[in-house]
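Trainee: One structure coming up, written as structure tokens, with questions to follow.
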Amino acid sequence: MENLDFSKLQELLDEQVSWPSYYTFKFIANENNIDQVLEYLDGHDIAKRPSRSGKYTSITSKARFHSSQEVINVYKKMKTVEGIISL
């Protein structure tokens, strides 16, 4: 998730979503960073599914936001997590 420009995403969110609204995130975390990911998603409704090998975990989270900037802030936090994959 390095070097991402969130301006286009923010434009799309503002055009297509009436705030406040729910937003769903999907991430893949490895066993070394899952605790940090879950910490950043504190307060979200979370569903986790481990891979067959147990090395990775798929995380789907849903929360209510008041603006596109709040959604972008979550993505910016996740950008600091080494090895995270955003879907």
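In the structure tokens, each chain is lettered A, B, ... as it comes, each chain's residues begin at 1, and ligands are numbered from 1 in order of appearance.
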Using DSSP on the backbone, list every residue of region 16-80 of chain A that comes out as strand (DSSP E), and give them as a ChimeraX atom specification.

Mentor: /A:21-30,45-50,56-65

Trainee: Do a neighbour search on Arg64 (chain A) at 12 Å with only C-alpha atoms, toss out local chain neighbours closer than 3 positions, and write the hits as a PyMOL selection string.

Mentor: chain A and resi 17-25+41+43-45+61+67-68+70-71

Trainee: Deliver the residues from the most recent selection as a file, using N, CA and C atoms, as a short mmCIF file (atom, residue, chain, number, x, y, z; two decimals), in the first residue's frame.

Mentor:
data_model
loop_
_atom_site.label_atom_id
_atom_site.label_comp_id
_atom_site.auth_asym_id
_atom_site.auth_seq_id
_atom_site.Cartn_x
_atom_site.Cartn_y
_atom_site.Cartn_z
N VAL A 17 -21.53 8.31 -2.21
CA VAL A 17 -22.02 7.94 -0.88
C VAL A 17 -22.64 9.15 -0.20
N SER A 18 -23.78 8.92 0.43
CA SER A 18 -24.41 9.95 1.25
C SER A 18 -23.97 9.72 2.69
N TRP A 19 -23.22 10.65 3.23
CA TRP A 19 -22.68 10.51 4.58
C TRP A 19 -23.69 11.02 5.59
N PRO A 20 -23.78 10.40 6.76
CA PRO A 20 -23.03 9.24 7.25
C PRO A 20 -23.50 7.95 6.58
N SER A 21 -22.57 7.00 6.53
CA SER A 21 -22.84 5.73 5.88
C SER A 21 -21.89 4.66 6.41
N TYR A 22 -22.25 3.41 6.14
CA TYR A 22 -21.37 2.31 6.49
C TYR A 22 -20.38 2.09 5.35
N TYR A 23 -19.18 1.64 5.72
CA TYR A 23 -18.16 1.35 4.73
C TYR A 23 -17.49 0.04 5.13
N THR A 24 -17.22 -0.80 4.14
CA THR A 24 -16.60 -2.10 4.39
C THR A 24 -15.17 -2.10 3.86
N PHE A 25 -14.25 -2.56 4.69
CA PHE A 25 -12.85 -2.72 4.33
C PHE A 25 -12.53 -4.20 4.23
N LEU A 41 -8.58 -1.25 13.63
CA LEU A 41 -9.99 -1.44 13.29
C LEU A 41 -10.86 -1.56 14.54
N GLY A 43 -13.50 -1.07 17.20
CA GLY A 43 -14.83 -0.48 17.10
C GLY A 43 -15.57 -0.89 15.84
N HIS A 44 -14.90 -1.56 14.91
CA HIS A 44 -15.54 -2.05 13.69
C HIS A 44 -16.14 -3.43 13.94
N ASP A 45 -17.16 -3.77 13.16
CA ASP A 45 -17.64 -5.15 13.13
C ASP A 45 -16.64 -5.91 12.27
N SER A 61 -14.00 -5.71 7.67
CA SER A 61 -14.52 -4.89 8.75
C SER A 61 -15.53 -3.91 8.18
N SER A 67 -17.83 10.85 7.12
CA SER A 67 -17.27 11.53 5.94
C SER A 67 -16.28 10.62 5.24
N SER A 68 -15.99 10.96 4.00
CA SER A 68 -15.00 10.21 3.24
C SER A 68 -13.62 10.33 3.88
N GLU A 70 -12.83 10.23 6.98
CA GLU A 70 -12.69 9.20 8.02
C GLU A 70 -12.30 7.86 7.40
N VAL A 71 -12.87 7.54 6.24
CA VAL A 71 -12.52 6.30 5.53
C VAL A 71 -11.06 6.37 5.08
#

Trainee: Just checking: using only C-alpha atoms, which residue out of A:Gln16, A:Gln10, A:Ser86, A:Asn30 ends up closest to Thr57 (chain A)?

Mentor: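 Ranking A:Gln16, A:Gln10, A:Ser86, A:Asn30 by distance to Thr57 (chain A), first place goes to A:Asn30.
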
Trainee: May I ask which of the residues A:Gln36, A:Tyr75, A:Ala47, A:Ala29 is the closest one to Lys62 (chain A), counting only C-alpha atoms?

Mentor: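 Closest to Lys62 (chain A), using only C-alpha atoms: A:Ala47.
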
Trainee: Taking only C-alpha atoms into account, name the residue in A:Glu11, A:Arg49, A:Ile59, A:Lys76 that is nearest to Val37 (chain A).

Mentor: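 Going through A:Glu11, A:Arg49, A:Ile59, A:Lys76 one by one, the smallest distance to Val37 (chain A) is for A:Ile59.
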
Trainee: Would you please work out which residue, of A:Ser53, A:Gln69, A:Asn32, A:Thr60, is nearest to Leu13 (chain A) when using only C-alpha atoms?

Mentor: A:Gln69

Trainee: Would you compute the distance between CA of Asp35 (chain A) and CA of Ser51 (chain A)? Give it in Å to one decimal.

Mentor: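 Atom-to-atom, CA of Asp35 (chain A) and CA of Ser51 (chain A) are spaced 16.3 Å apart.
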
Trainee: Mind giving me the straight-line distance from CA of Ser7 (chain A) to CA of Lys77 (chain A) in Å, one decimal?

Mentor: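 These atoms are spaced 15.6 Å apart.
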
Trainee: Identify, on the basis of only C-alpha atoms, every residue whose closest approach to Ile34 (chain A) does not exceed 12 Å; exclude the query and any residue fewer than 4 positions from it along the same chain; express the result as a PyMOL selection string.

Mentor: chain A and resi 27-30+38-41+48-50+54-59+78+81-85

Trainee: With N, CA and C atoms kept, could you save the residues just selected as a PDB file, in the first residue's frame?

Mentor:
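Result file is out13.pdb:
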ATOM      1  N   PHE A  27      -8.965  -6.604   4.067  1.00  0.00           N
ATOM      2  CA  PHE A  27      -7.512  -6.651   4.135  1.00  0.00           C
ATOM      3  C   PHE A  27      -7.053  -8.090   4.282  1.00  0.00           C
ATOM      4  N   ILE A  28      -5.825  -8.334   3.884  1.00  0.00           N
ATOM      5  CA  ILE A  28      -5.156  -9.599   4.173  1.00  0.00           C
ATOM      6  C   ILE A  28      -3.941  -9.266   5.012  1.00  0.00           C
ATOM      7  N   ALA A  29      -3.866  -9.892   6.178  1.00  0.00           N
ATOM      8  CA  ALA A  29      -2.773  -9.656   7.114  1.00  0.00           C
ATOM      9  C   ALA A  29      -2.015 -10.954   7.326  1.00  0.00           C
ATOM     10  N   ASN A  30      -0.734 -10.833   7.646  1.00  0.00           N
ATOM     11  CA  ASN A  30       0.018 -12.038   7.983  1.00  0.00           C
ATOM     12  C   ASN A  30       0.080 -12.178   9.496  1.00  0.00           C
ATOM     13  N   LEU A  38      -5.915  -5.274  13.693  1.00  0.00           N
ATOM     14  CA  LEU A  38      -7.114  -5.317  14.529  1.00  0.00           C
ATOM     15  C   LEU A  38      -7.184  -4.120  15.470  1.00  0.00           C
ATOM     16  N   GLU A  39      -6.049  -3.656  15.938  1.00  0.00           N
ATOM     17  CA  GLU A  39      -6.014  -2.463  16.784  1.00  0.00           C
ATOM     18  C   GLU A  39      -6.519  -1.245  16.008  1.00  0.00           C
ATOM     19  N   TYR A  40      -6.089  -1.098  14.766  1.00  0.00           N
ATOM     20  CA  TYR A  40      -6.527   0.022  13.930  1.00  0.00           C
ATOM     21  C   TYR A  40      -8.004  -0.057  13.569  1.00  0.00           C
ATOM     22  N   LEU A  41      -8.579  -1.252  13.634  1.00  0.00           N
ATOM     23  CA  LEU A  41      -9.987  -1.439  13.295  1.00  0.00           C
ATOM     24  C   LEU A  41     -10.860  -1.557  14.543  1.00  0.00           C
ATOM     25  N   LYS A  48     -13.041 -12.521  10.567  1.00  0.00           N
ATOM     26  CA  LYS A  48     -11.698 -13.005  10.214  1.00  0.00           C
ATOM     27  C   LYS A  48     -11.813 -14.403   9.646  1.00  0.00           C
ATOM     28  N   ARG A  49     -10.959 -14.674   8.664  1.00  0.00           N
ATOM     29  CA  ARG A  49     -10.911 -16.024   8.090  1.00  0.00           C
ATOM     30  C   ARG A  49      -9.458 -16.370   7.794  1.00  0.00           C
ATOM     31  N   PRO A  50      -8.926 -17.368   8.483  1.00  0.00           N
ATOM     32  CA  PRO A  50      -7.527 -17.748   8.240  1.00  0.00           C
ATOM     33  C   PRO A  50      -7.377 -18.498   6.913  1.00  0.00           C
ATOM     34  N   GLY A  54      -2.741 -21.040   7.528  1.00  0.00           N
ATOM     35  CA  GLY A  54      -2.735 -20.276   8.778  1.00  0.00           C
ATOM     36  C   GLY A  54      -1.745 -19.130   8.767  1.00  0.00           C
ATOM     37  N   LYS A  55      -1.036 -18.950   7.671  1.00  0.00           N
ATOM     38  CA  LYS A  55      -0.029 -17.898   7.595  1.00  0.00           C
ATOM     39  C   LYS A  55      -0.662 -16.514   7.388  1.00  0.00           C
ATOM     40  N   TYR A  56      -1.810 -16.484   6.737  1.00  0.00           N
ATOM     41  CA  TYR A  56      -2.502 -15.231   6.449  1.00  0.00           C
ATOM     42  C   TYR A  56      -3.918 -15.272   6.989  1.00  0.00           C
ATOM     43  N   THR A  57      -4.459 -14.095   7.244  1.00  0.00           N
ATOM     44  CA  THR A  57      -5.838 -13.976   7.689  1.00  0.00           C
ATOM     45  C   THR A  57      -6.531 -12.909   6.859  1.00  0.00           C
ATOM     46  N   SER A  58      -7.699 -13.260   6.330  1.00  0.00           N
ATOM     47  CA  SER A  58      -8.536 -12.303   5.616  1.00  0.00           C
ATOM     48  C   SER A  58      -9.396 -11.594   6.659  1.00  0.00           C
ATOM     49  N   ILE A  59      -9.402 -10.276   6.602  1.00  0.00           N
ATOM     50  CA  ILE A  59     -10.155  -9.482   7.573  1.00  0.00           C
ATOM     51  C   ILE A  59     -11.128  -8.591   6.817  1.00  0.00           C
ATOM     52  N   MET A  78      -3.573   1.986   7.785  1.00  0.00           N
ATOM     53  CA  MET A  78      -3.189   0.654   7.274  1.00  0.00           C
ATOM     54  C   MET A  78      -1.956   0.717   6.395  1.00  0.00           C
ATOM     55  N   VAL A  81       1.193  -0.370   8.061  1.00  0.00           N
ATOM     56  CA  VAL A  81       1.358  -1.766   8.478  1.00  0.00           C
ATOM     57  C   VAL A  81       2.154  -2.517   7.402  1.00  0.00           C
ATOM     58  N   GLU A  82       3.287  -3.032   7.801  1.00  0.00           N
ATOM     59  CA  GLU A  82       4.154  -3.743   6.859  1.00  0.00           C
ATOM     60  C   GLU A  82       3.493  -5.017   6.366  1.00  0.00           C
ATOM     61  N   GLY A  83       3.458  -5.192   5.055  1.00  0.00           N
ATOM     62  CA  GLY A  83       2.979  -6.419   4.449  1.00  0.00           C
ATOM     63  C   GLY A  83       1.478  -6.553   4.312  1.00  0.00           C
ATOM     64  N   ILE A  84       0.710  -5.533   4.673  1.00  0.00           N
ATOM     65  CA  ILE A  84      -0.749  -5.645   4.567  1.00  0.00           C
ATOM     66  C   ILE A  84      -1.161  -5.543   3.095  1.00  0.00           C
ATOM     67  N   ILE A  85      -2.222  -6.254   2.758  1.00  0.00           N
ATOM     68  CA  ILE A  85      -2.784  -6.184   1.416  1.00  0.00           C
ATOM     69  C   ILE A  85      -4.214  -5.680   1.557  1.00  0.00           C
TER      70      ILE A  85
END

Trainee: Which is closest to Lys79 (chain A) among A:Asp42, A:Asp5, A:Asp14, A:Glu31, if we use only C-alpha atoms?

Mentor: A:Asp5

Trainee: Pick out each residue of chain A that DSSP on the backbone tags as helix (DSSP H, G or I); I need them as JSON, numbers by chain.

Mentor: {"A": [7, 8, 9, 10, 11, 12, 13, 14, 15, 16, 34, 35, 36, 37, 38, 39, 40, 68, 69, 70, 71, 72, 73, 74, 75, 76, 77, 78, 79]}

Trainee: Taking N, CA and C atoms for each residue, export the selection above as a CSV table (one decimal), in the first residue's frame.

Mentor:
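Once written, again_5.csv looks like this:
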chain,number,residue,atom,x,y,z
A,7,SER,N,-6.7,10.8,-3.2
A,7,SER,CA,-7.6,11.9,-3.7
A,7,SER,C,-8.7,11.4,-4.6
A,8,LYS,N,-8.4,10.5,-5.5
A,8,LYS,CA,-9.4,9.9,-6.4
A,8,LYS,C,-10.4,9.1,-5.7
A,9,LEU,N,-10.0,8.3,-4.7
A,9,LEU,CA,-10.9,7.5,-3.9
A,9,LEU,C,-11.8,8.4,-3.2
A,10,GLN,N,-11.3,9.5,-2.6
A,10,GLN,CA,-12.1,10.4,-1.8
A,10,GLN,C,-13.1,11.1,-2.7
A,11,GLU,N,-12.7,11.5,-3.9
A,11,GLU,CA,-13.7,12.0,-4.9
A,11,GLU,C,-14.8,11.1,-5.2
A,12,LEU,N,-14.5,9.8,-5.4
A,12,LEU,CA,-15.5,8.8,-5.7
A,12,LEU,C,-16.4,8.6,-4.5
A,13,LEU,N,-15.9,8.5,-3.4
A,13,LEU,CA,-16.7,8.3,-2.2
A,13,LEU,C,-17.7,9.5,-2.0
A,14,ASP,N,-17.2,10.7,-2.2
A,14,ASP,CA,-18.0,11.9,-2.0
A,14,ASP,C,-19.1,12.0,-3.1
A,15,GLU,N,-18.8,11.5,-4.3
A,15,GLU,CA,-19.8,11.5,-5.4
A,15,GLU,C,-20.9,10.4,-5.2
A,16,GLN,N,-20.5,9.2,-4.6
A,16,GLN,CA,-21.3,8.0,-4.6
A,16,GLN,C,-22.0,7.7,-3.3
A,34,ILE,N,-1.2,-9.0,12.3
A,34,ILE,CA,-2.7,-9.0,12.5
A,34,ILE,C,-3.1,-8.3,13.8
A,35,ASP,N,-2.3,-8.3,14.8
A,35,ASP,CA,-2.7,-7.5,16.0
A,35,ASP,C,-2.7,-6.0,15.8
A,36,GLN,N,-1.8,-5.5,15.0
A,36,GLN,CA,-1.8,-4.1,14.7
A,36,GLN,C,-3.0,-3.7,13.8
A,37,VAL,N,-3.3,-4.6,12.8
A,37,VAL,CA,-4.5,-4.3,12.0
A,37,VAL,C,-5.8,-4.3,12.8
A,38,LEU,N,-5.9,-5.3,13.7
A,38,LEU,CA,-7.1,-5.3,14.5
A,38,LEU,C,-7.2,-4.1,15.5
A,39,GLU,N,-6.0,-3.7,15.9
A,39,GLU,CA,-6.0,-2.5,16.8
A,39,GLU,C,-6.5,-1.2,16.0
A,40,TYR,N,-6.1,-1.1,14.8
A,40,TYR,CA,-6.5,0.0,13.9
A,40,TYR,C,-8.0,-0.1,13.6
A,68,SER,N,-16.0,11.0,4.0
A,68,SER,CA,-15.0,10.2,3.2
A,68,SER,C,-13.6,10.3,3.9
A,69,GLN,N,-13.3,11.5,4.5
A,69,GLN,CA,-12.0,11.6,5.2
A,69,GLN,C,-11.8,10.6,6.3
A,70,GLU,N,-12.8,10.2,7.0
A,70,GLU,CA,-12.7,9.2,8.0
A,70,GLU,C,-12.3,7.9,7.4
A,71,VAL,N,-12.9,7.5,6.2
A,71,VAL,CA,-12.5,6.3,5.5
A,71,VAL,C,-11.1,6.4,5.1
A,72,ILE,N,-10.7,7.5,4.5
A,72,ILE,CA,-9.3,7.7,4.0
A,72,ILE,C,-8.3,7.5,5.2
A,73,ASN,N,-8.7,8.1,6.4
A,73,ASN,CA,-7.8,8.0,7.5
A,73,ASN,C,-7.5,6.5,7.9
A,74,VAL,N,-8.5,5.6,7.8
A,74,VAL,CA,-8.3,4.2,8.1
A,74,VAL,C,-7.3,3.7,7.1
A,75,TYR,N,-7.5,4.0,5.8
A,75,TYR,CA,-6.5,3.5,4.8
A,75,TYR,C,-5.1,4.0,5.0
A,76,LYS,N,-5.0,5.3,5.5
A,76,LYS,CA,-3.7,5.8,5.8
A,76,LYS,C,-3.0,5.1,6.9
A,77,LYS,N,-3.8,4.8,8.0
A,77,LYS,CA,-3.3,4.0,9.1
A,77,LYS,C,-2.8,2.6,8.6
A,78,MET,N,-3.6,2.0,7.8
A,78,MET,CA,-3.2,0.7,7.3
A,78,MET,C,-2.0,0.7,6.4
A,79,LYS,N,-1.8,1.8,5.8
A,79,LYS,CA,-0.6,2.0,4.9
A,79,LYS,C,0.7,1.8,5.7
